[in-house]
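Undergrad: What follows is target.pdb, PDB, C-alpha atoms (C1' of nucleotides).
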```pdb
ATOM      1  CA  MET A   1      37.388  23.554 -67.662
ATOM      2  CA  LYS A   2      33.789  23.716 -66.667
ATOM      3  CA  PRO A   3      32.848  26.435 -64.229
ATOM      4  CA  MET A   4      32.193  25.413 -60.640
ATOM      5  CA  THR A   5      28.483  26.005 -60.212
ATOM      6  CA  ILE A   6      26.744  25.800 -56.889
ATOM      7  CA  GLY A   7      26.051  22.089 -57.107
ATOM      8  CA  LYS A   8      29.729  21.324 -57.646
ATOM      9  CA  LEU A   9      30.740  23.492 -54.706
ATOM     10  CA  ALA A  10      28.095  21.711 -52.689
ATOM     11  CA  LYS A  11      29.539  18.318 -53.547
ATOM     12  CA  ALA A  12      33.100  19.481 -52.970
ATOM     13  CA  THR A  13      32.289  20.740 -49.484
ATOM     14  CA  GLY A  14      29.542  18.416 -48.354
ATOM     15  CA  VAL A  15      27.235  21.356 -47.794
ATOM     16  CA  SER A  16      23.924  21.614 -49.656
ATOM     17  CA  ALA A  17      23.410  24.172 -52.420
ATOM     18  CA  GLU A  18      20.585  25.687 -50.383
ATOM     19  CA  THR A  19      22.900  26.159 -47.448
ATOM     20  CA  ILE A  20      25.495  27.818 -49.662
ATOM     21  CA  ARG A  21      22.884  30.273 -50.928
ATOM     22  CA  TYR A  22      21.859  30.827 -47.340
ATOM     23  CA  TYR A  23      25.456  31.603 -46.368
ATOM     24  CA  GLU A  24      25.701  34.056 -49.214
ATOM     25  CA  ARG A  25      22.454  35.745 -48.356
ATOM     26  CA  PHE A  26      23.581  36.404 -44.797
ATOM     27  CA  GLY A  27      27.070  37.504 -45.738
ATOM     28  CA  PHE A  28      29.020  34.452 -44.621
ATOM     29  CA  LEU A  29      30.156  33.969 -48.188
ATOM     30  CA  PRO A  30      30.799  36.706 -50.795
ATOM     31  CA  SER A  31      28.491  37.001 -53.789
ATOM     32  CA  PRO A  32      30.118  35.018 -56.570
ATOM     33  CA  ASP A  33      30.320  35.971 -60.218
ATOM     34  CA  ARG A  34      27.488  34.874 -62.452
ATOM     35  CA  LEU A  35      27.256  33.309 -65.866
ATOM     36  CA  GLU A  36      25.037  35.004 -68.407
ATOM     37  CA  SER A  37      22.345  32.604 -67.402
ATOM     38  CA  GLY A  38      22.494  33.877 -63.844
ATOM     39  CA  TYR A  39      24.200  30.730 -62.560
ATOM     40  CA  ARG A  40      26.689  31.321 -59.758
ATOM     41  CA  VAL A  41      30.313  30.523 -60.598
ATOM     42  CA  TYR A  42      32.793  29.874 -57.840
ATOM     43  CA  GLY A  43      36.581  29.992 -57.714
ATOM     44  CA  SER A  44      38.459  27.288 -55.857
ATOM     45  CA  ASP A  45      38.938  29.628 -52.883
ATOM     46  CA  SER A  46      35.223  29.191 -52.245
ATOM     47  CA  ILE A  47      35.850  25.666 -51.093
ATOM     48  CA  GLN A  48      38.196  27.037 -48.465
ATOM     49  CA  ARG A  49      35.673  29.640 -47.394
ATOM     50  CA  VAL A  50      32.965  27.065 -46.882
ATOM     51  CA  ARG A  51      35.418  24.879 -45.020
ATOM     52  CA  PHE A  52      36.303  27.817 -42.786
ATOM     53  CA  ILE A  53      32.663  28.114 -41.774
ATOM     54  CA  LYS A  54      32.250  24.403 -41.183
ATOM     55  CA  GLU A  55      35.445  24.136 -39.141
ATOM     56  CA  ALA A  56      34.552  27.123 -37.013
ATOM     57  CA  GLN A  57      31.140  25.591 -36.372
ATOM     58  CA  ALA A  58      32.821  22.344 -35.416
ATOM     59  CA  LEU A  59      34.752  24.310 -32.797
ATOM     60  CA  GLY A  60      31.452  25.546 -31.384
ATOM     61  CA  PHE A  61      31.213  28.951 -33.024
ATOM     62  CA  THR A  62      27.787  30.194 -34.118
ATOM     63  CA  LEU A  63      27.385  31.711 -37.567
ATOM     64  CA  ALA A  64      27.349  35.180 -36.019
ATOM     65  CA  GLU A  65      30.677  34.417 -34.422
ATOM     66  CA  VAL A  66      31.979  32.932 -37.642
ATOM     67  CA  SER A  67      31.053  36.243 -39.209
ATOM     68  CA  ASP A  68      33.228  38.026 -36.648
ATOM     69  CA  LEU A  69      36.103  35.674 -37.362
ATOM     70  CA  ILE A  70      35.746  36.236 -41.092
ATOM     71  CA  GLY A  71      35.783  39.957 -40.381
ATOM     72  CA  LEU A  72      39.040  39.607 -38.458
ATOM     73  CA  THR A  73      40.704  37.606 -41.199
ATOM     74  CA  ALA A  74      39.721  40.306 -43.670
ATOM     75  CA  ASP A  75      41.104  43.069 -41.469
ATOM     76  CA  GLU A  76      44.736  43.981 -42.108
ATOM     77  CA  HIS A  77      45.090  45.425 -38.634
ATOM     78  CA  ALA A  78      43.691  42.384 -36.861
ATOM     79  CA  ASP A  79      46.176  40.322 -34.937
ATOM     80  CA  CYS A  80      46.494  36.959 -33.345
ATOM     81  CA  ALA A  81      45.488  38.184 -29.916
ATOM     82  CA  GLN A  82      42.036  39.165 -31.150
ATOM     83  CA  VAL A  83      41.414  35.749 -32.604
ATOM     84  CA  ASN A  84      42.749  34.090 -29.504
ATOM     85  CA  GLU A  85      40.350  36.054 -27.367
ATOM     86  CA  LYS A  86      37.420  34.718 -29.368
ATOM     87  CA  ALA A  87      38.750  31.223 -28.893
ATOM     88  CA  THR A  88      39.219  31.734 -25.180
ATOM     89  CA  GLN A  89      35.701  33.087 -24.799
ATOM     90  CA  LYS A  90      34.310  30.124 -26.672
ATOM     91  CA  LEU A  91      36.345  27.799 -24.523
ATOM     92  CA  GLN A  92      34.845  29.258 -21.385
ATOM     93  CA  GLU A  93      31.377  28.969 -22.829
ATOM     94  CA  ILE A  94      31.991  25.326 -23.656
ATOM     95  CA  ASN A  95      33.345  24.719 -20.168
ATOM     96  CA  LYS A  96      30.130  26.122 -18.748
ATOM     97  CA  LYS A  97      28.017  23.874 -20.927
ATOM     98  CA  ILE A  98      30.025  20.828 -19.948
ATOM     99  CA  LYS A  99      29.594  21.733 -16.320
ATOM    100  CA  ALA A 100      25.809  22.043 -16.693
ATOM    101  CA  LEU A 101      25.613  18.729 -18.525
ATOM    102  CA  LYS A 102      27.734  17.018 -15.899
ATOM    103  CA  LYS A 103      25.353  18.215 -13.251
ATOM    104  CA  MET A 104      22.461  16.605 -15.121
ATOM    105  CA  GLN A 105      24.549  13.524 -15.670
ATOM    106  CA  GLY A 106      25.327  13.234 -11.973
ATOM    107  CA  ALA A 107      21.723  13.680 -10.914
ATOM    108  CA  LEU A 108      20.428  11.210 -13.487
ATOM    109  CA  LYS A 109      23.029   8.645 -12.511
ATOM    110  CA  ILE A 110      22.122   8.813  -8.850
ATOM    111  CA  LEU A 111      18.400   8.720  -9.513
ATOM    112  CA  SER A 112      18.739   5.889 -11.962
ATOM    113  CA  GLN A 113      20.873   3.826  -9.603
ATOM    114  CA  ARG A 114      18.460   4.354  -6.764
ATOM    115  CA  CYS A 115      15.487   3.370  -8.877
ATOM    116  CA  PRO A 116      14.708  -0.334  -8.502
ATOM    117  CA  ALA A 117      14.006  -0.367 -12.245
ATOM    118  CA  ASP A 118      11.655  -3.290 -12.055
ATOM    119  CA  GLU A 119       7.906  -3.790 -11.960
ATOM    120  CA  GLN A 120       7.496  -1.756  -8.817
ATOM    121  CA  PRO A 121       4.757   0.878  -8.918
ATOM    122  CA  LEU A 122       5.856   4.420  -9.598
ATOM    123  CA  SER A 123       5.368   5.337  -5.971
ATOM    124  CA  GLU A 124       8.626   3.478  -5.355
ATOM    125  CA  CYS A 125      10.440   5.177  -8.198
ATOM    126  CA  SER A 126      13.171   7.497  -7.004
ATOM    127  CA  ILE A 127      13.064   9.347 -10.318
ATOM    128  CA  VAL A 128       9.352  10.068 -10.258
ATOM    129  CA  ASN A 129       9.526  10.961  -6.591
ATOM    130  CA  HIS A 130      12.316  13.365  -7.278
ATOM    131  CA  LEU A 131      10.295  15.030 -10.011
ATOM    132  CA  TYR A 132       7.265  15.345  -7.769
ATOM    133  CA  ASP A 133       9.166  16.820  -4.900
ATOM    134  CA  VAL A 134      12.838  17.499  -4.912
ATOM    135  CA  ARG A 135      13.122  17.189  -1.151
ATOM    136  CA  GLU A 136      11.991  13.579  -1.144
ATOM    137  CA  VAL A 137      15.143  12.404  -2.826
ATOM    138  CA  ALA A 138      18.206  14.382  -1.910
ATOM    139  CA  ILE A 139      20.846  14.552  -4.566
TER     140      ILE A 139
ATOM    141  CA  MET B   1      -9.316  31.811   1.113
ATOM    142  CA  LYS B   2      -8.812  33.487  -2.211
ATOM    143  CA  PRO B   3      -8.593  31.237  -5.223
ATOM    144  CA  MET B   4      -5.156  30.620  -6.728
ATOM    145  CA  THR B   5      -5.336  32.404 -10.035
ATOM    146  CA  ILE B   6      -2.668  32.077 -12.676
ATOM    147  CA  GLY B   7      -0.579  34.942 -11.337
ATOM    148  CA  LYS B   8      -0.376  33.336  -7.919
ATOM    149  CA  LEU B   9       0.628  29.992  -9.377
ATOM    150  CA  ALA B  10       3.209  31.835 -11.406
ATOM    151  CA  LYS B  11       4.687  33.436  -8.311
ATOM    152  CA  ALA B  12       4.550  30.196  -6.349
ATOM    153  CA  THR B  13       6.489  28.308  -9.017
ATOM    154  CA  GLY B  14       8.728  30.974 -10.483
ATOM    155  CA  VAL B  15       7.245  30.327 -13.918
ATOM    156  CA  SER B  16       5.507  33.124 -15.832
ATOM    157  CA  ALA B  17       1.740  33.129 -16.319
ATOM    158  CA  GLU B  18       2.298  33.051 -20.081
ATOM    159  CA  THR B  19       4.400  29.931 -19.725
ATOM    160  CA  ILE B  20       1.723  28.294 -17.587
ATOM    161  CA  ARG B  21      -0.880  28.982 -20.278
ATOM    162  CA  TYR B  22       1.568  27.647 -22.809
ATOM    163  CA  TYR B  23       1.983  24.435 -20.804
ATOM    164  CA  GLU B  24      -1.774  24.086 -20.625
ATOM    165  CA  ARG B  25      -2.248  24.691 -24.311
ATOM    166  CA  PHE B  26       0.183  21.928 -25.206
ATOM    167  CA  GLY B  27      -1.118  19.469 -22.652
ATOM    168  CA  PHE B  28       1.702  19.608 -20.128
ATOM    169  CA  LEU B  29      -0.754  20.857 -17.541
ATOM    170  CA  PRO B  30      -4.459  19.937 -17.288
ATOM    171  CA  SER B  31      -7.103  22.589 -17.971
ATOM    172  CA  PRO B  32      -7.984  24.082 -14.609
ATOM    173  CA  ASP B  33     -11.438  25.048 -13.395
ATOM    174  CA  ARG B  34     -12.625  28.545 -14.130
ATOM    175  CA  LEU B  35     -14.330  31.250 -12.129
ATOM    176  CA  GLU B  36     -17.491  32.757 -13.596
ATOM    177  CA  SER B  37     -15.279  35.498 -14.940
ATOM    178  CA  GLY B  38     -13.302  32.956 -16.909
ATOM    179  CA  TYR B  39     -10.261  33.251 -14.634
ATOM    180  CA  ARG B  40      -8.326  30.015 -14.174
ATOM    181  CA  VAL B  41      -8.350  28.608 -10.636
ATOM    182  CA  TYR B  42      -5.702  26.163  -9.531
ATOM    183  CA  GLY B  43      -5.535  23.651  -6.712
ATOM    184  CA  SER B  44      -2.330  23.292  -4.746
ATOM    185  CA  ASP B  45      -1.429  20.160  -6.725
ATOM    186  CA  SER B  46      -0.805  22.478  -9.662
ATOM    187  CA  ILE B  47       2.309  23.740  -7.960
ATOM    188  CA  GLN B  48       3.620  20.195  -7.890
ATOM    189  CA  ARG B  49       2.748  19.673 -11.540
ATOM    190  CA  VAL B  50       4.651  22.747 -12.606
ATOM    191  CA  ARG B  51       7.563  21.704 -10.438
ATOM    192  CA  PHE B  52       7.546  18.290 -12.094
ATOM    193  CA  ILE B  53       8.012  19.942 -15.474
ATOM    194  CA  LYS B  54      10.765  22.240 -14.260
ATOM    195  CA  GLU B  55      12.656  19.447 -12.513
ATOM    196  CA  ALA B  56      12.435  17.173 -15.509
ATOM    197  CA  GLN B  57      13.748  19.983 -17.694
ATOM    198  CA  ALA B  58      16.580  20.509 -15.233
ATOM    199  CA  LEU B  59      17.491  16.855 -15.776
ATOM    200  CA  GLY B  60      17.712  17.520 -19.503
ATOM    201  CA  PHE B  61      14.297  16.300 -20.643
ATOM    202  CA  THR B  62      12.548  18.191 -23.421
ATOM    203  CA  LEU B  63       8.893  19.104 -23.037
ATOM    204  CA  ALA B  64       7.950  16.260 -25.363
ATOM    205  CA  GLU B  65       9.790  13.883 -23.087
ATOM    206  CA  VAL B  66       8.238  15.482 -20.026
ATOM    207  CA  SER B  67       4.925  14.717 -21.656
ATOM    208  CA  ASP B  68       5.911  11.051 -21.895
ATOM    209  CA  LEU B  69       6.925  11.033 -18.248
ATOM    210  CA  ILE B  70       3.635  12.618 -17.248
ATOM    211  CA  GLY B  71       1.885   9.961 -19.279
ATOM    212  CA  LEU B  72       3.731   7.221 -17.395
ATOM    213  CA  THR B  73       2.881   8.692 -14.008
ATOM    214  CA  ALA B  74      -0.775   8.746 -15.034
ATOM    215  CA  ASP B  75      -0.692   5.144 -16.193
ATOM    216  CA  GLU B  76      -1.593   2.576 -13.559
ATOM    217  CA  HIS B  77       0.228  -0.141 -15.418
ATOM    218  CA  ALA B  78       3.437   1.832 -15.770
ATOM    219  CA  ASP B  79       6.333   0.648 -13.689
ATOM    220  CA  CYS B  80       9.670   1.818 -12.492
ATOM    221  CA  ALA B  81      11.556   0.104 -15.291
ATOM    222  CA  GLN B  82       9.845   2.239 -17.910
ATOM    223  CA  VAL B  83      10.800   5.427 -16.155
ATOM    224  CA  ASN B  84      14.311   4.192 -15.618
ATOM    225  CA  GLU B  85      14.672   3.491 -19.295
ATOM    226  CA  LYS B  86      13.817   7.100 -20.111
ATOM    227  CA  ALA B  87      16.414   8.216 -17.606
ATOM    228  CA  THR B  88      19.016   5.889 -19.033
ATOM    229  CA  GLN B  89      18.333   7.077 -22.553
ATOM    230  CA  LYS B  90      18.663  10.654 -21.456
ATOM    231  CA  LEU B  91      21.870   9.840 -19.664
ATOM    232  CA  GLN B  92      23.347   8.397 -22.833
ATOM    233  CA  GLU B  93      22.263  11.434 -24.779
ATOM    234  CA  ILE B  94      23.921  13.691 -22.234
ATOM    235  CA  ASN B  95      27.069  11.601 -22.335
ATOM    236  CA  LYS B  96      27.175  12.085 -26.085
ATOM    237  CA  LYS B  97      26.787  15.820 -25.755
ATOM    238  CA  ILE B  98      29.534  15.991 -23.171
ATOM    239  CA  LYS B  99      31.786  14.004 -25.441
ATOM    240  CA  ALA B 100      31.128  16.352 -28.372
ATOM    241  CA  LEU B 101      31.782  19.397 -26.216
ATOM    242  CA  LYS B 102      34.990  17.898 -24.855
ATOM    243  CA  LYS B 103      36.201  17.385 -28.365
ATOM    244  CA  MET B 104      35.619  21.067 -29.102
ATOM    245  CA  GLN B 105      37.232  21.941 -25.809
ATOM    246  CA  GLY B 106      40.316  19.890 -26.604
ATOM    247  CA  ALA B 107      40.705  21.354 -30.076
ATOM    248  CA  LEU B 108      40.223  24.912 -28.875
ATOM    249  CA  LYS B 109      42.705  24.437 -26.051
ATOM    250  CA  ILE B 110      45.397  23.165 -28.349
ATOM    251  CA  LEU B 111      44.791  25.842 -30.963
ATOM    252  CA  SER B 112      44.707  28.552 -28.359
ATOM    253  CA  GLN B 113      47.910  27.397 -26.711
ATOM    254  CA  ARG B 114      49.673  27.230 -30.040
ATOM    255  CA  CYS B 115      48.533  30.679 -31.029
ATOM    256  CA  PRO B 116      51.134  33.291 -30.094
ATOM    257  CA  ALA B 117      48.244  35.536 -29.045
ATOM    258  CA  ASP B 118      50.147  38.734 -29.650
ATOM    259  CA  GLU B 119      50.360  41.307 -32.391
ATOM    260  CA  GLN B 120      51.494  38.791 -34.971
ATOM    261  CA  PRO B 121      49.654  38.902 -38.273
ATOM    262  CA  LEU B 122      46.938  36.319 -38.756
ATOM    263  CA  SER B 123      49.140  34.317 -41.071
ATOM    264  CA  GLU B 124      50.924  33.181 -37.925
ATOM    265  CA  CYS B 125      47.714  32.358 -36.098
ATOM    266  CA  SER B 126      47.265  28.651 -35.518
ATOM    267  CA  ILE B 127      43.548  29.142 -35.082
ATOM    268  CA  VAL B 128      42.989  30.945 -38.353
ATOM    269  CA  ASN B 129      45.273  28.542 -40.164
ATOM    270  CA  HIS B 130      43.322  25.650 -38.782
ATOM    271  CA  LEU B 131      40.097  27.171 -40.001
ATOM    272  CA  TYR B 132      41.502  27.782 -43.442
ATOM    273  CA  ASP B 133      42.852  24.317 -43.827
ATOM    274  CA  VAL B 134      42.613  21.605 -41.257
ATOM    275  CA  ARG B 135      45.692  19.846 -42.522
ATOM    276  CA  GLU B 136      47.945  22.784 -41.750
ATOM    277  CA  VAL B 137      47.531  22.358 -38.024
ATOM    278  CA  ALA B 138      47.069  18.813 -36.894
ATOM    279  CA  ILE B 139      45.030  18.321 -33.772
TER     280      ILE B 139
ATOM    281  C1'  DT C   1     -16.188  55.898  -9.736
ATOM    282  C1'  DT C   2     -11.999  55.741 -11.147
ATOM    283  C1'  DA C   3      -7.773  53.812 -11.126
ATOM    284  C1'  DC C   4      -4.877  49.932 -11.404
ATOM    285  C1'  DA C   5      -3.581  45.375 -11.124
ATOM    286  C1'  DC C   6      -4.944  41.252 -12.966
ATOM    287  C1'  DC C   7      -7.238  38.277 -16.079
ATOM    288  C1'  DT C   8      -8.881  36.615 -21.086
ATOM    289  C1'  DT C   9      -7.913  35.244 -26.189
ATOM    290  C1'  DA C  10      -5.593  34.766 -30.581
ATOM    291  C1'  DT C  11      -1.727  35.801 -33.082
ATOM    292  C1'  DA C  12       2.851  36.907 -33.985
ATOM    293  C1'  DG C  13       7.684  37.297 -32.718
ATOM    294  C1'  DT C  14      12.389  35.465 -30.909
ATOM    295  C1'  DA C  15      16.612  32.712 -31.534
ATOM    296  C1'  DT C  16      19.538  29.513 -34.628
ATOM    297  C1'  DA C  17      20.597  27.241 -38.744
ATOM    298  C1'  DC C  18      18.898  25.663 -41.934
ATOM    299  C1'  DT C  19      15.227  23.034 -45.264
ATOM    300  C1'  DT C  20      11.371  23.020 -48.241
ATOM    301  C1'  DT C  21       8.275  24.643 -51.653
ATOM    302  C1'  DA C  22       6.607  26.816 -55.739
ATOM    303  C1'  DA C  23       7.138  28.394 -60.097
ATOM    304  C1'  DG C  24      10.056  28.882 -63.469
ATOM    305  C1'  DG C  25      14.582  29.279 -66.568
ATOM    306  C1'  DT C  26      19.130  26.752 -68.459
ATOM    307  C1'  DC C  27      22.277  23.236 -70.053
ATOM    308  C1'  DA C  28      23.907  19.013 -72.051
ATOM    309  C1'  DA C  29      23.171  14.444 -73.738
ATOM    310  C1'  DG C  30      20.912  11.468 -76.919
TER     311       DG C  30
ATOM    312  C1'  DC D   1      14.197  18.622 -79.961
ATOM    313  C1'  DT D   2      13.068  16.636 -75.945
ATOM    314  C1'  DT D   3      14.279  14.958 -71.502
ATOM    315  C1'  DG D   4      16.264  15.389 -67.234
ATOM    316  C1'  DA D   5      19.524  17.297 -64.313
ATOM    317  C1'  DC D   6      20.675  21.637 -62.691
ATOM    318  C1'  DC D   7      19.999  26.397 -61.861
ATOM    319  C1'  DT D   8      17.099  30.857 -60.308
ATOM    320  C1'  DT D   9      14.114  33.560 -56.755
ATOM    321  C1'  DA D  10      11.116  34.615 -52.838
ATOM    322  C1'  DA D  11       8.653  32.980 -49.257
ATOM    323  C1'  DA D  12       7.300  29.777 -45.947
ATOM    324  C1'  DG D  13       8.269  25.842 -42.894
ATOM    325  C1'  DT D  14      11.035  23.211 -39.100
ATOM    326  C1'  DA D  15      12.508  22.515 -34.315
ATOM    327  C1'  DT D  16      12.247  24.086 -29.234
ATOM    328  C1'  DA D  17      10.512  26.712 -25.588
ATOM    329  C1'  DC D  18       8.902  30.255 -24.758
ATOM    330  C1'  DT D  19       7.844  35.735 -24.899
ATOM    331  C1'  DA D  20       5.362  39.617 -26.537
ATOM    332  C1'  DT D  21       1.491  42.115 -28.379
ATOM    333  C1'  DA D  22      -3.137  43.684 -29.090
ATOM    334  C1'  DA D  23      -7.563  44.383 -27.689
ATOM    335  C1'  DG D  24     -10.459  43.763 -24.305
ATOM    336  C1'  DG D  25     -12.931  42.111 -19.704
ATOM    337  C1'  DT D  26     -12.670  41.687 -14.177
ATOM    338  C1'  DG D  27     -11.758  42.681  -9.309
ATOM    339  C1'  DT D  28     -10.835  45.642  -5.603
ATOM    340  C1'  DA D  29      -9.317  49.535  -2.993
ATOM    341  C1'  DA D  30      -9.581  54.532  -2.188
TER     342       DA D  30
END
```
In structure tokens, how does this file's structure come out?
TA:
Amino acid sequence: MKPMTIGKLAKATGVSAETIRYYERFGFLPSPDRLESGYRVYGSDSIQRVRFIKEAQALGFTLAEVSDLIGLTADEHADCAQVNEKATQKLQEINKKIKALKKMQGALKILSQRCPADEQPLSECSIVNHLYDVREVAI
Amino acid sequence: MKPMTIGKLAKATGVSAETIRYYERFGFLPSPDRLESGYRVYGSDSIQRVRFIKEAQALGFTLAEVSDLIGLTADEHADCAQVNEKATQKLQEINKKIKALKKMQGALKILSQRCPADEQPLSECSIVNHLYDVREVAI
DNA sequence: TTACACCTTATAGTATACTTTAAGGTCAAG
DNA sequence: CTTGACCTTAAAGTATACTATAAGGTGTAA
């Protein structure tokens, strides 16, 4: 069987070869074995490792946090509670972000509804007036 | 009355002098007059201009988009509808972001609830198992 | 006059997660 | 044996919105 070089791992995971090298360089992936030519050769577990990173990112974790998670999974003494704490922290962070976005959403909705949205000059625009002076258009 | 130099504008707006120079450099604020010494002098309208930028950012607009908005306000032929379109676009963008965050939130909640969160080894952790292989823990 | 706060510029650094480029070596098919 | 796909490295670029630094000039109060 042909060795899995970086391009094959890239295809298998949907992550570019450059990104895989990047992950390796910053310790998110272990240094793989090399062929005599210097080509990286990966075992099938590498696919899982890359997937781990991608899934953690999809849950909102940064690469630094992914690094922490990888550290926990490699630690014999680590337990479920430690991982759960990371998840709970991330959850709170996400809740905060949602809250901030909802605030923007609410303000934009109100301003947009109040704006005549036609050929009126901008002096009649509730959005522009809000930007010029918050007090002119209470939200 | 003493001229409003950059430090005073900074205090009046809560934005640092460096940031004000940055805004000027990239065209978000007009170049102010100068004293003989080279010091920038601002009129009171500058406070409003800085506030415009900050308020637009608070609504989720990037500086590039703020630039567009400033352009519209300076355009005699611009009308309300054009501004409203920017707001509507931004609203949709924010809705998308909220949706993405809610997806993360939902997944994290489920994983966290399923995780025993005690001293169990990580092989029992629903979160870690999810990261290792999505199919093991359906969401 | 001597501090000290304040101003000036250009340039570089920060954070995050890559992506691109340059210059070159390797492998497999035809 | 040549062509083209694939691999290597180090270094620089991208996006966004600043923030910091260096080296120096200005304004004012004691």
Undergrad: Starting from the PyMOL selection byres ((chain B) within 9 of (chain D)), expand the selection into actual residues of this file and give them as a VMD selection string.
TA: chain B and resid 18 to 19 22 37 39 62 to 63
Undergrad: From the set B:Val15, B:Ala74, B:Val66, B:Leu35, which residue has the shortest atom-to-atom contact distance to chain C, counting all atoms listed in the file?
TA: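 Of B:Val15, B:Ala74, B:Val66, B:Leu35, the one nearest chain C is B:Leu35, counting all atoms listed in the file.
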Undergrad: Select all residues from chain C having any atom no more than 9 Å from an atom of chain A (counting all atoms listed in the file, ignoring ligands), output as a ChimeraX atom specification.
TA: /C:16-19,25-26
Undergrad: With 7 Å as the cut-off and all atoms listed in the file counted, what is the closest atom pair between each nearby residue of chain A and chain B? Distances in Å to one decimal, ordered by chain and number, as a tab-separated table.
TA:
```
residue	atom	partner	partner_atom	distance
A:Gln48	CA	B:Tyr132	CA	6.1
A:Arg51	CA	B:Tyr132	CA	6.9
A:Phe52	CA	B:Leu131	CA	4.8
A:Glu55	CA	B:Leu131	CA	5.6
A:Ala56	CA	B:Leu131	CA	6.3
A:Leu59	CA	B:Met104	CA	5.0
A:Gly60	CA	B:Met104	CA	6.5
A:Thr73	CA	B:Leu122	CA	6.8
A:Asp79	CA	B:Glu119	CA	5.0
A:Cys80	CA	B:Ala117	CA	4.9
A:Ala81	CA	B:Ala117	CA	3.9
A:Asn84	CA	B:Ala117	CA	5.7
A:Ala87	CA	B:Leu108	CA	6.5
A:Leu91	CA	B:Gln105	CA	6.1
A:Ile94	CA	B:Leu101	CA	6.5
A:Ile98	CA	B:Ile98	CA	5.8
A:Leu101	CA	B:Ile94	CA	6.5
A:Met104	CA	B:Leu59	CA	5.0
A:Gln105	CA	B:Leu91	CA	6.1
A:Leu108	CA	B:Ala87	CA	6.5
A:Ser112	CA	B:Asn84	CA	6.0
A:Cys115	CA	B:Asn84	CA	6.9
A:Pro116	CA	B:Cys80	CA	6.8
A:Ala117	CA	B:Ala81	CA	3.9
A:Asp118	CA	B:Ala81	CA	4.7
A:Glu119	CA	B:Asp79	CA	5.0
A:Gln120	CA	B:Asp79	CA	5.6
A:Pro121	CA	B:Asp79	CA	5.0
A:Leu122	CA	B:Cys80	CA	5.4
A:Cys125	CA	B:Cys80	CA	5.5
A:Leu131	CA	B:Phe52	CA	4.7
A:Tyr132	CA	B:Phe52	CA	5.2
```
Undergrad: With 5 Å added on each side, what axis-aligned box encloses every listed atom of region 19-28 of chain C? Give the centre and edge lengths in Å to one decimal, as lines of an AutoDock Vina configuration file.
TA:
```
center_x = 15.3
center_y = 24.1
center_z = -58.7
size_x = 27.3
size_y = 20.3
size_z = 36.8
```
Undergrad: Taking the file above as input, evaluate the PyMOL selection byres ((chain A and resi 9) around 10) and report the hits as a list in words.
TA: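 Matching residues under the PyMOL selection byres ((chain A and resi 9) around 10) are Met4, Thr5, Ile6, Gly7, Lys8, Ala10, Lys11, Ala12, Thr13, Gly14, Val15, Ser16, Ala17, Ile20, Val41, Tyr42, Gly43, Ser44, Ser46, Ile47 and Val50 of chain A.
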Undergrad: Could you jot down the CA of Gly71 (chain B) to CA of Glu24 (chain B) separation for me, Å, one decimal place?
TA: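 These two atoms are separated by 14.7 Å.
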